[in-house]
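**Student:** Sharing start.cif below, mmCIF, C-alpha atoms:
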data_final
#
loop_
_atom_site.group_PDB
_atom_site.id
_atom_site.type_symbol
_atom_site.label_atom_id
_atom_site.label_comp_id
_atom_site.auth_asym_id
_atom_site.auth_seq_id
_atom_site.Cartn_x
_atom_site.Cartn_y
_atom_site.Cartn_z
ATOM 1 C CA MET A 12 102.179 162.795 60.297
ATOM 2 C CA THR A 13 101.008 162.406 63.881
ATOM 3 C CA GLN A 14 99.552 159.032 62.987
ATOM 4 C CA ILE A 15 102.901 157.867 61.583
ATOM 5 C CA PHE A 16 104.673 159.090 64.725
ATOM 6 C CA PHE A 17 102.129 157.288 66.881
ATOM 7 C CA ASP A 18 102.536 154.042 64.913
ATOM 8 C CA LEU A 19 106.312 154.266 65.145
ATOM 9 C CA MET A 20 106.278 154.883 68.898
ATOM 10 C CA ALA A 21 103.665 152.166 69.482
ATOM 11 C CA ALA A 22 105.816 149.716 67.510
ATOM 12 C CA ILE A 23 108.871 150.615 69.614
ATOM 13 C CA VAL A 24 106.875 150.205 72.828
ATOM 14 C CA ILE A 25 105.347 146.847 71.854
ATOM 15 C CA LEU A 26 108.497 145.341 70.327
ATOM 16 C CA GLY A 27 110.592 146.491 73.273
ATOM 17 C CA ALA A 28 108.081 145.000 75.696
ATOM 18 C CA LEU A 29 108.056 141.704 73.781
ATOM 19 C CA GLY A 30 111.858 141.743 73.955
ATOM 20 C CA VAL A 31 111.708 142.229 77.727
ATOM 21 C CA VAL A 32 109.466 139.207 78.265
ATOM 22 C CA LEU A 33 110.835 136.863 75.585
ATOM 23 C CA VAL A 34 114.612 137.332 75.305
ATOM 24 C CA ARG A 35 116.623 134.794 77.296
ATOM 25 C CA SER A 36 119.613 137.013 78.013
ATOM 26 C CA THR A 37 118.801 139.156 81.028
ATOM 27 C CA VAL A 38 121.032 142.098 80.044
ATOM 28 C CA TYR A 39 119.399 142.291 76.608
ATOM 29 C CA ALA A 40 116.029 142.257 78.372
ATOM 30 C CA ALA A 41 117.101 145.340 80.350
ATOM 31 C CA LEU A 42 118.189 147.082 77.134
ATOM 32 C CA PHE A 43 114.831 146.234 75.517
ATOM 33 C CA LEU A 44 113.170 147.732 78.593
ATOM 34 C CA ILE A 45 115.020 151.018 77.981
ATOM 35 C CA ALA A 46 113.816 151.026 74.350
ATOM 36 C CA SER A 47 110.230 150.356 75.396
ATOM 37 C CA LEU A 48 110.235 153.081 78.053
ATOM 38 C CA MET A 49 111.694 155.603 75.612
ATOM 39 C CA GLY A 50 108.825 154.729 73.289
ATOM 40 C CA VAL A 51 106.430 155.551 76.125
ATOM 41 C CA ALA A 52 108.226 158.907 76.463
ATOM 42 C CA GLY A 53 107.503 159.478 72.756
ATOM 43 C CA ILE A 54 103.825 158.747 73.409
ATOM 44 C CA TYR A 55 103.868 161.403 76.148
ATOM 45 C CA VAL A 56 105.374 163.920 73.705
ATOM 46 C CA LEU A 57 102.558 163.061 71.306
ATOM 47 C CA LEU A 58 100.045 163.754 74.062
ATOM 48 C CA SER A 59 101.749 167.163 74.494
ATOM 49 C CA THR A 60 102.832 166.475 78.065
ATOM 50 C CA GLU A 61 106.508 167.234 77.614
ATOM 51 C CA PHE A 62 107.142 167.328 81.336
ATOM 52 C CA LEU A 63 106.151 163.681 81.690
ATOM 53 C CA ALA A 64 108.321 162.729 78.723
ATOM 54 C CA LEU A 65 111.274 164.435 80.378
ATOM 55 C CA VAL A 66 110.593 162.749 83.708
ATOM 56 C CA GLN A 67 110.192 159.414 81.945
ATOM 57 C CA VAL A 68 113.582 159.698 80.227
ATOM 58 C CA LEU A 69 115.327 160.924 83.385
ATOM 59 C CA ILE A 70 113.854 158.496 85.895
ATOM 60 C CA TYR A 71 113.284 155.357 83.841
ATOM 61 C CA GLY A 72 116.090 155.736 81.327
ATOM 62 C CA GLY A 73 118.568 157.189 83.763
ATOM 63 C CA ALA A 74 117.808 155.678 87.140
ATOM 64 C CA VAL A 75 115.519 152.657 87.119
ATOM 65 C CA THR A 76 117.176 150.696 84.311
ATOM 66 C CA VAL A 77 120.659 151.415 85.666
ATOM 67 C CA LEU A 78 119.481 150.134 89.049
ATOM 68 C CA LEU A 79 118.006 147.028 87.390
ATOM 69 C CA LEU A 80 121.254 146.398 85.492
ATOM 70 C CA PHE A 81 123.237 146.738 88.732
ATOM 71 C CA ALA A 82 120.968 144.213 90.404
ATOM 72 C CA LEU A 83 121.333 141.838 87.449
ATOM 73 C CA MET A 84 125.116 142.092 87.620
ATOM 74 C CA LEU A 85 125.123 141.541 91.393
ATOM 75 C CA THR A 86 122.744 138.578 91.445
ATOM 76 C CA LYS A 87 123.683 136.638 88.351
ATOM 77 C CA VAL A 88 127.239 135.543 88.916
ATOM 78 C CA ARG A 89 126.971 132.126 87.311
ATOM 79 C CA ASP A 90 125.001 132.664 84.151
ATOM 80 C CA LEU A 91 123.471 135.690 82.495
ATOM 81 C CA ARG A 92 120.914 133.580 80.676
ATOM 82 C CA GLU A 93 117.806 132.318 82.289
ATOM 83 C CA ARG A 94 116.240 128.940 81.718
ATOM 84 C CA ALA A 95 113.094 128.670 79.676
ATOM 85 C CA PRO A 96 109.899 128.379 81.719
ATOM 86 C CA GLU A 97 108.416 124.924 81.985
ATOM 87 C CA PRO A 98 105.639 124.151 79.467
ATOM 88 C CA PRO A 99 102.733 124.201 81.958
ATOM 89 C CA GLN A 100 103.870 127.560 83.364
ATOM 90 C CA LEU A 101 104.347 128.960 79.875
ATOM 91 C CA ALA A 102 100.932 127.716 78.762
ATOM 92 C CA GLY A 103 99.314 129.231 81.842
ATOM 93 C CA ALA A 104 101.047 132.569 81.298
ATOM 94 C CA VAL A 105 100.064 132.671 77.612
ATOM 95 C CA ALA A 106 96.461 131.757 78.425
ATOM 96 C CA ALA A 107 96.147 134.331 81.222
ATOM 97 C CA SER A 108 97.656 137.206 79.251
ATOM 98 C CA LEU A 109 95.680 136.389 76.096
ATOM 99 C CA ALA A 110 92.454 136.206 78.111
ATOM 100 C CA LEU A 111 93.258 139.595 79.634
ATOM 101 C CA LEU A 112 94.037 141.027 76.194
ATOM 102 C CA ALA A 113 90.776 139.647 74.807
ATOM 103 C CA GLY A 114 88.915 141.232 77.710
ATOM 104 C CA PHE A 115 90.549 144.604 77.052
ATOM 105 C CA MET A 116 89.812 144.463 73.326
ATOM 106 C CA THR A 117 86.159 143.558 73.925
ATOM 107 C CA MET A 118 85.904 146.465 76.356
ATOM 108 C CA VAL A 119 87.464 148.887 73.858
ATOM 109 C CA TYR A 120 85.215 147.605 71.088
ATOM 110 C CA LYS A 121 81.989 147.805 73.072
ATOM 111 C CA THR A 122 82.485 151.194 74.706
ATOM 112 C CA THR A 123 81.575 154.463 73.024
ATOM 113 C CA TRP A 124 84.558 156.763 73.423
ATOM 114 C CA PRO A 125 84.343 160.558 73.503
ATOM 115 C CA ARG A 126 84.507 162.090 70.032
ATOM 116 C CA ASN A 127 85.475 165.516 68.782
ATOM 117 C CA VAL A 128 87.161 166.564 71.957
ATOM 118 C CA GLY A 129 88.805 169.387 70.063
ATOM 119 C CA GLN A 130 92.326 170.679 70.351
ATOM 120 C CA ILE A 131 94.786 169.277 72.806
ATOM 121 C CA THR A 132 96.087 172.192 74.804
ATOM 122 C CA PRO A 133 99.812 171.863 75.429
ATOM 123 C CA ILE A 134 100.364 171.746 79.157
ATOM 124 C CA SER A 135 103.241 173.941 80.250
ATOM 125 C CA PHE A 136 105.702 173.223 83.033
ATOM 126 C CA ASN A 137 104.373 176.264 84.901
ATOM 127 C CA GLN A 138 100.851 174.901 85.010
ATOM 128 C CA ILE A 139 101.984 171.487 86.239
ATOM 129 C CA GLY A 140 104.198 173.078 88.886
ATOM 130 C CA THR A 141 101.391 175.328 90.095
ATOM 131 C CA ALA A 142 98.956 172.416 90.272
ATOM 132 C CA LEU A 143 101.504 170.206 92.032
ATOM 133 C CA PHE A 144 102.358 172.765 94.708
ATOM 134 C CA ASN A 145 98.864 174.108 95.342
ATOM 135 C CA ARG A 146 96.091 171.631 94.859
ATOM 136 C CA TRP A 147 98.260 168.508 95.155
ATOM 137 C CA ALA A 148 100.710 169.767 97.779
ATOM 138 C CA VAL A 149 99.771 167.198 100.439
ATOM 139 C CA PRO A 150 100.137 164.139 98.180
ATOM 140 C CA PHE A 151 103.380 165.659 96.919
ATOM 141 C CA GLU A 152 104.790 165.897 100.449
ATOM 142 C CA ILE A 153 103.593 162.373 101.251
ATOM 143 C CA ALA A 154 105.310 161.111 98.096
ATOM 144 C CA SER A 155 108.571 162.716 99.165
ATOM 145 C CA GLY A 156 108.219 161.050 102.549
ATOM 146 C CA VAL A 157 107.557 157.694 100.862
ATOM 147 C CA LEU A 158 110.691 158.111 98.739
ATOM 148 C CA LEU A 159 112.830 158.977 101.750
ATOM 149 C CA VAL A 160 111.567 156.027 103.779
ATOM 150 C CA ALA A 161 111.917 153.653 100.804
ATOM 151 C CA LEU A 162 115.506 154.691 100.092
ATOM 152 C CA VAL A 163 116.610 154.541 103.744
ATOM 153 C CA GLY A 164 114.822 151.189 104.025
ATOM 154 C CA ALA A 165 116.562 149.909 100.904
ATOM 155 C CA ILE A 166 119.956 150.833 102.359
ATOM 156 C CA VAL A 167 119.130 149.158 105.670
ATOM 157 C CA ILE A 168 117.876 145.988 103.968
ATOM 158 C CA ALA A 169 120.828 145.700 101.598
ATOM 159 C CA MET A 170 123.429 146.553 104.239
ATOM 160 C CA GLN A 171 125.845 143.821 105.183
ATOM 161 C CA GLU A 172 125.458 142.818 108.789
ATOM 162 C CA GLU A 173 128.370 142.012 111.058
ATOM 163 C CA GLY A 174 129.569 138.450 110.786
ATOM 164 C CA GLU A 175 127.822 137.986 107.473
ATOM 165 C CA ARG A 176 130.245 136.637 104.904
ATOM 166 C CA MET B 8 100.575 172.772 68.263
ATOM 167 C CA GLU B 9 98.532 170.881 65.738
ATOM 168 C CA SER B 10 95.530 169.057 66.966
ATOM 169 C CA VAL B 11 96.431 165.522 67.919
ATOM 170 C CA ALA B 12 92.965 164.703 69.106
ATOM 171 C CA GLN B 13 91.302 164.962 65.729
ATOM 172 C CA LYS B 14 93.838 162.683 64.108
ATOM 173 C CA ILE B 15 94.348 159.883 66.615
ATOM 174 C CA PRO B 16 91.257 158.502 68.315
ATOM 175 C CA LEU B 17 91.436 157.860 72.031
ATOM 176 C CA GLU B 18 90.988 154.123 71.404
ATOM 177 C CA HIS B 19 94.453 153.824 69.896
ATOM 178 C CA PHE B 20 96.058 154.834 73.169
ATOM 179 C CA ILE B 21 93.809 152.488 75.130
ATOM 180 C CA VAL B 22 94.602 149.565 72.817
ATOM 181 C CA LEU B 23 98.336 150.303 73.099
ATOM 182 C CA SER B 24 98.051 150.451 76.863
ATOM 183 C CA GLY B 25 96.049 147.206 76.973
ATOM 184 C CA VAL B 26 98.565 145.358 74.809
ATOM 185 C CA LEU B 27 101.463 146.653 76.917
ATOM 186 C CA PHE B 28 99.706 145.621 80.131
ATOM 187 C CA SER B 29 99.020 142.109 78.791
ATOM 188 C CA ILE B 30 102.670 141.713 77.789
ATOM 189 C CA GLY B 31 103.642 142.782 81.302
ATOM 190 C CA VAL B 32 101.288 140.197 82.818
ATOM 191 C CA PHE B 33 102.802 137.535 80.576
ATOM 192 C CA GLY B 34 106.280 138.531 81.739
ATOM 193 C CA VAL B 35 105.329 138.427 85.410
ATOM 194 C CA LEU B 36 103.820 134.956 84.998
ATOM 195 C CA SER B 37 106.522 133.402 82.815
ATOM 196 C CA ARG B 38 109.829 134.832 84.079
ATOM 197 C CA ARG B 39 111.865 133.171 86.815
ATOM 198 C CA ASN B 40 114.441 135.782 87.733
ATOM 199 C CA ALA B 41 113.039 138.262 90.261
ATOM 200 C CA VAL B 42 114.709 141.213 88.503
ATOM 201 C CA LEU B 43 113.040 140.278 85.212
ATOM 202 C CA VAL B 44 109.693 140.013 87.007
ATOM 203 C CA LEU B 45 110.279 143.567 88.271
ATOM 204 C CA MET B 46 110.956 144.732 84.712
ATOM 205 C CA SER B 47 107.606 143.275 83.648
ATOM 206 C CA VAL B 48 105.939 145.111 86.536
ATOM 207 C CA GLU B 49 107.499 148.326 85.217
ATOM 208 C CA LEU B 50 105.892 147.629 81.832
ATOM 209 C CA MET B 51 102.495 147.253 83.509
ATOM 210 C CA LEU B 52 102.974 150.518 85.435
ATOM 211 C CA ASN B 53 103.831 152.315 82.200
ATOM 212 C CA ALA B 54 100.719 150.927 80.534
ATOM 213 C CA VAL B 55 98.633 152.379 83.349
ATOM 214 C CA SER B 56 100.403 155.730 83.028
ATOM 215 C CA ILE B 57 99.726 155.919 79.279
ATOM 216 C CA ASN B 58 96.071 155.261 79.981
ATOM 217 C CA LEU B 59 95.863 157.924 82.689
ATOM 218 C CA VAL B 60 97.623 160.576 80.616
ATOM 219 C CA ALA B 61 95.587 159.820 77.482
ATOM 220 C CA PHE B 62 92.303 160.142 79.344
ATOM 221 C CA ALA B 63 93.478 163.281 81.147
ATOM 222 C CA VAL B 64 94.550 164.999 77.939
ATOM 223 C CA TYR B 65 91.489 163.949 75.952
ATOM 224 C CA THR B 66 88.734 164.533 78.478
ATOM 225 C CA ALA B 67 89.838 166.962 81.221
ATOM 226 C CA PRO B 68 92.954 168.871 80.142
ATOM 227 C CA SER B 69 92.358 171.762 82.519
ATOM 228 C CA LEU B 70 92.399 169.633 85.657
ATOM 229 C CA PHE B 71 95.796 167.857 85.227
ATOM 230 C CA VAL B 72 94.506 165.009 87.411
ATOM 231 C CA GLY B 73 95.778 162.228 85.179
ATOM 232 C CA ILE B 74 99.122 163.921 84.652
ATOM 233 C CA ILE B 75 99.681 164.467 88.374
ATOM 234 C CA PHE B 76 98.637 160.855 88.918
ATOM 235 C CA ALA B 77 101.180 159.685 86.337
ATOM 236 C CA ILE B 78 103.897 161.653 88.136
ATOM 237 C CA PHE B 79 102.981 159.888 91.379
ATOM 238 C CA VAL B 80 102.965 156.511 89.593
ATOM 239 C CA ILE B 81 106.517 157.194 88.395
ATOM 240 C CA THR B 82 107.566 158.257 91.916
ATOM 241 C CA ILE B 83 106.133 155.152 93.526
ATOM 242 C CA ALA B 84 107.664 152.984 90.792
ATOM 243 C CA ALA B 85 111.099 154.420 91.584
ATOM 244 C CA ALA B 86 110.642 153.763 95.302
ATOM 245 C CA GLU B 87 109.337 150.259 94.592
ATOM 246 C CA VAL B 88 112.269 149.359 92.348
ATOM 247 C CA GLY B 89 114.833 150.577 94.882
ATOM 248 C CA LEU B 90 113.227 148.668 97.733
ATOM 249 C CA ALA B 91 112.529 145.500 95.748
ATOM 250 C CA LEU B 92 116.076 145.337 94.412
ATOM 251 C CA ALA B 93 117.412 145.660 97.961
ATOM 252 C CA VAL B 94 115.210 142.707 98.942
ATOM 253 C CA VAL B 95 116.402 140.721 95.900
ATOM 254 C CA LEU B 96 120.055 141.410 96.792
ATOM 255 C CA ARG B 97 119.405 140.301 100.353
ATOM 256 C CA VAL B 98 117.676 137.096 99.259
ATOM 257 C CA PHE B 99 120.491 136.398 96.819
ATOM 258 C CA ARG B 100 123.071 136.825 99.554
ATOM 259 C CA ASN B 101 121.227 134.481 101.904
ATOM 260 C CA ARG B 102 120.000 131.846 99.448
ATOM 261 C CA GLY B 103 122.404 132.092 96.520
ATOM 262 C CA THR B 104 119.641 132.483 93.982
ATOM 263 C CA ALA B 105 117.361 135.182 92.619
ATOM 264 C CA ASN B 106 114.942 132.796 90.925
ATOM 265 C CA ILE B 107 111.514 133.109 92.438
ATOM 266 C CA ASP B 108 110.649 129.429 91.933
ATOM 267 C CA GLU B 109 113.592 128.392 94.110
ATOM 268 C CA ILE B 110 112.604 130.700 96.973
ATOM 269 C CA ASN B 111 109.754 128.521 98.201
ATOM 270 C CA THR B 112 110.111 128.337 101.970
ATOM 271 C CA LEU B 113 106.825 130.149 102.507
ATOM 272 C CA LYS B 114 105.081 128.223 99.762
ATOM 273 C CA TRP B 115 102.157 126.201 101.010
#
Would you kindly transcribe this structure into structure tokens?

**Tutor:**
Amino acid sequence: MTQIFFDLMAAIVILGALGVVLVRSTVYAALFLIASLMGVAGIYVLLSTEFLALVQVLIYGGAVTVLLLFALMLTKVRDLRERAPEPPQLAGAVAASLALLAGFMTMVYKTTWPRNVGQITPISFNQIGTALFNRWAVPFEIASGVLLVALVGAIVIAMQEEGER
Amino acid sequence: MESVAQKIPLEHFIVLSGVLFSIGVFGVLSRRNAVLVLMSVELMLNAVSINLVAFAVYTAPSLFVGIIFAIFVITIAAAEVGLALAVVLRVFRNRGTANIDEINTLKW
């Protein structure tokens, strides 16, 4: 049962990702991205980290893809299709990613992975919250600062200056 | 909660994450539109997160390190997307294009 669920979610993730990189229409690519990221949320559920699955759906499904779609709409006034990459670029990209994949697969094949690790303990929201606000409080505060600076910076960068169009 | 660990080996998650990362690399190298390149970067970030969470859950579930790390990866990804899209909008307004092969003033 778990194996079937894993296979299903992995298929959604991989097919969605292939859609993102192969489809010519940019809006369809964004929709494939949503599918792929929801598949990743399913993988998190399988790993019994429900909090991450929730965050994944909220932030990627709700915020990031909407932002990406907005940017696509605002920057692609002429055509919503993109041209195919030139053959040398395509060949280079295929070669580089296949070489990377081959490297990963060799690594996975040659390494001995931990066996019989026993039960996966479901990790509750309480435990994550306690860890986040005690042991990881400083990185947490820094992350909030990073978010604030990034969002204010994004507004300043995107703002229309006087005399500009 | 039934035991996931005894049914799915850790390698499956690592292979999934490796495949996803390679697809992301392909997208970054082959796409022209800057927004589509960003989408491919998101795929790569998610591959890394899957890896972190899988290792955390399988090897050190009491420490939460990988899970906390994945939360920070998601946070930074959100900040990165917001900032990068602002830059893309700005470039589009100034140059009339969002294709990264046409923005080549700084290219050597």

**Student:** List the neighbours of segment 90-93 of chain B out to 10 Å using only C-alpha atoms; skip same-chain residues closer than 2 positions along the sequence, and give me the result as a PDB file with C-alpha atoms, in the frame of the given file.

**Tutor:**
ATOM      1  CA  LEU A  78     119.481 150.134  89.049  1.00  0.00           C
ATOM      2  CA  LEU A  79     118.006 147.028  87.390  1.00  0.00           C
ATOM      3  CA  PHE A  81     123.237 146.738  88.732  1.00  0.00           C
ATOM      4  CA  ALA A  82     120.968 144.213  90.404  1.00  0.00           C
ATOM      5  CA  LEU A  83     121.333 141.838  87.449  1.00  0.00           C
ATOM      6  CA  THR A  86     122.744 138.578  91.445  1.00  0.00           C
ATOM      7  CA  LEU A 158     110.691 158.111  98.739  1.00  0.00           C
ATOM      8  CA  VAL A 160     111.567 156.027 103.779  1.00  0.00           C
ATOM      9  CA  ALA A 161     111.917 153.653 100.804  1.00  0.00           C
ATOM     10  CA  LEU A 162     115.506 154.691 100.092  1.00  0.00           C
ATOM     11  CA  VAL A 163     116.610 154.541 103.744  1.00  0.00           C
ATOM     12  CA  GLY A 164     114.822 151.189 104.025  1.00  0.00           C
ATOM     13  CA  ALA A 165     116.562 149.909 100.904  1.00  0.00           C
ATOM     14  CA  ILE A 166     119.956 150.833 102.359  1.00  0.00           C
ATOM     15  CA  VAL A 167     119.130 149.158 105.670  1.00  0.00           C
ATOM     16  CA  ILE A 168     117.876 145.988 103.968  1.00  0.00           C
ATOM     17  CA  ALA A 169     120.828 145.700 101.598  1.00  0.00           C
ATOM     18  CA  MET A 170     123.429 146.553 104.239  1.00  0.00           C
TER      19      MET A 170
ATOM     20  CA  ALA B  41     113.039 138.262  90.261  1.00  0.00           C
ATOM     21  CA  VAL B  42     114.709 141.213  88.503  1.00  0.00           C
ATOM     22  CA  LEU B  45     110.279 143.567  88.271  1.00  0.00           C
ATOM     23  CA  ALA B  84     107.664 152.984  90.792  1.00  0.00           C
ATOM     24  CA  ALA B  85     111.099 154.420  91.584  1.00  0.00           C
ATOM     25  CA  ALA B  86     110.642 153.763  95.302  1.00  0.00           C
ATOM     26  CA  GLU B  87     109.337 150.259  94.592  1.00  0.00           C
ATOM     27  CA  VAL B  88     112.269 149.359  92.348  1.00  0.00           C
ATOM     28  CA  VAL B  95     116.402 140.721  95.900  1.00  0.00           C
ATOM     29  CA  LEU B  96     120.055 141.410  96.792  1.00  0.00           C
ATOM     30  CA  ARG B  97     119.405 140.301 100.353  1.00  0.00           C
ATOM     31  CA  VAL B  98     117.676 137.096  99.259  1.00  0.00           C
ATOM     32  CA  PHE B  99     120.491 136.398  96.819  1.00  0.00           C
TER      33      PHE B  99
END

**Student:** Between A:Leu112, A:Ile25, A:Ala46, A:Val119, which one has atoms that come closest to His19 of chain B, using all atoms listed in the file?

**Tutor:**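 Smallest separation from His19 of chain B among the options: A:Val119.
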
**Student:** What does the structure give for the distance between atom CA of Leu57 of chain A and atom CA of Met20 of chain A, in Å to one decimal?

**Tutor:** 9.3 Å

**Student:** Going by the chain IDs and residue numbers used in this file, which residues fall under the PyMOL selection byres ((chain B and resi 23-32) around 6)? Write them as a PDB file with C-alpha atoms, in the frame of the given file.

**Tutor:**
ATOM      1  CA  SER A 108      97.656 137.206  79.251  1.00  0.00           C
ATOM      2  CA  LEU A 112      94.037 141.027  76.194  1.00  0.00           C
TER       3      LEU A 112
ATOM      4  CA  PHE B  20      96.058 154.834  73.169  1.00  0.00           C
ATOM      5  CA  ILE B  21      93.809 152.488  75.130  1.00  0.00           C
ATOM      6  CA  VAL B  22      94.602 149.565  72.817  1.00  0.00           C
ATOM      7  CA  PHE B  33     102.802 137.535  80.576  1.00  0.00           C
ATOM      8  CA  GLY B  34     106.280 138.531  81.739  1.00  0.00           C
ATOM      9  CA  VAL B  35     105.329 138.427  85.410  1.00  0.00           C
ATOM     10  CA  SER B  47     107.606 143.275  83.648  1.00  0.00           C
ATOM     11  CA  LEU B  50     105.892 147.629  81.832  1.00  0.00           C
ATOM     12  CA  MET B  51     102.495 147.253  83.509  1.00  0.00           C
ATOM     13  CA  ALA B  54     100.719 150.927  80.534  1.00  0.00           C
TER      14      ALA B  54
END

**Student:** Which residues, named as in the file, does the PyMOL selection byres ((chain B and resi 36-40) around 8) pick out? Answer as a list of chain:residue names.

**Tutor:**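 On the file shown, the PyMOL selection byres ((chain B and resi 36-40) around 8) covers A:Val32, A:Glu93, A:Arg94, A:Pro96, A:Gln100, A:Leu101, A:Gly103, A:Ala104, B:Val32, B:Phe33, B:Gly34, B:Val35, B:Ala41, B:Val42, B:Leu43, B:Val44, B:Ala105, B:Asn106, B:Ile107, B:Asp108.
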
**Student:** Name the residues captured by the PyMOL selection byres ((chain B and resi 75) around 9) when it is applied to the shown file; answer as number ranges by chain.

**Tutor:** A: 139, 142-143, 147; B: 60, 71-74, 76-80

**Student:** So that I can see what lies close to Val68 of chain A, please list as JSON, numbers by chain the residues with an atom at most 12 Å from it, counting only C-alpha atoms and leaving out residues fewer than 6 positions away in the same chain.

**Tutor:** {"A": [45, 46, 47, 48, 49, 50, 51, 52, 53, 54, 55, 56, 61, 62, 74, 75, 76], "B": [81]}

**Student:** Generate the output file for the selected residues, C-alpha atoms, as a PDB file, keeping the file's coordinate frame.

**Tutor:**
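Written out: selection-v3.pdb:
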ATOM      1  CA  ILE A  45     115.020 151.018  77.981  1.00  0.00           C
ATOM      2  CA  ALA A  46     113.816 151.026  74.350  1.00  0.00           C
ATOM      3  CA  SER A  47     110.230 150.356  75.396  1.00  0.00           C
ATOM      4  CA  LEU A  48     110.235 153.081  78.053  1.00  0.00           C
ATOM      5  CA  MET A  49     111.694 155.603  75.612  1.00  0.00           C
ATOM      6  CA  GLY A  50     108.825 154.729  73.289  1.00  0.00           C
ATOM      7  CA  VAL A  51     106.430 155.551  76.125  1.00  0.00           C
ATOM      8  CA  ALA A  52     108.226 158.907  76.463  1.00  0.00           C
ATOM      9  CA  GLY A  53     107.503 159.478  72.756  1.00  0.00           C
ATOM     10  CA  ILE A  54     103.825 158.747  73.409  1.00  0.00           C
ATOM     11  CA  TYR A  55     103.868 161.403  76.148  1.00  0.00           C
ATOM     12  CA  VAL A  56     105.374 163.920  73.705  1.00  0.00           C
ATOM     13  CA  GLU A  61     106.508 167.234  77.614  1.00  0.00           C
ATOM     14  CA  PHE A  62     107.142 167.328  81.336  1.00  0.00           C
ATOM     15  CA  ALA A  74     117.808 155.678  87.140  1.00  0.00           C
ATOM     16  CA  VAL A  75     115.519 152.657  87.119  1.00  0.00           C
ATOM     17  CA  THR A  76     117.176 150.696  84.311  1.00  0.00           C
TER      18      THR A  76
ATOM     19  CA  ILE B  81     106.517 157.194  88.395  1.00  0.00           C
TER      20      ILE B  81
END

**Student:** Padding of 8 Å on every side, edges along x, y and z, all listed atoms of segment 137-152 of chain A included: what centre and edge lengths in Å, to one decimal, does that box have, as lines of an AutoDock Vina configuration file?

**Tutor:**
center_x = 100.4
center_y = 170.2
center_z = 92.7
size_x = 24.7
size_y = 28.1
size_z = 31.5

**Student:** Atom CA of Asn101 of chain B to atom CA of Leu33 of chain A: how many Å, to one decimal?

**Tutor:** 28.4 Å

**Student:** What is the atom CA of Thr122 of chain A-atom CA of Gly27 of chain A distance in Å, reported with one decimal?

**Tutor:**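 If I compute the distance from atom CA of Thr122 of chain A to atom CA of Gly27 of chain A, I get 28.5 Å.
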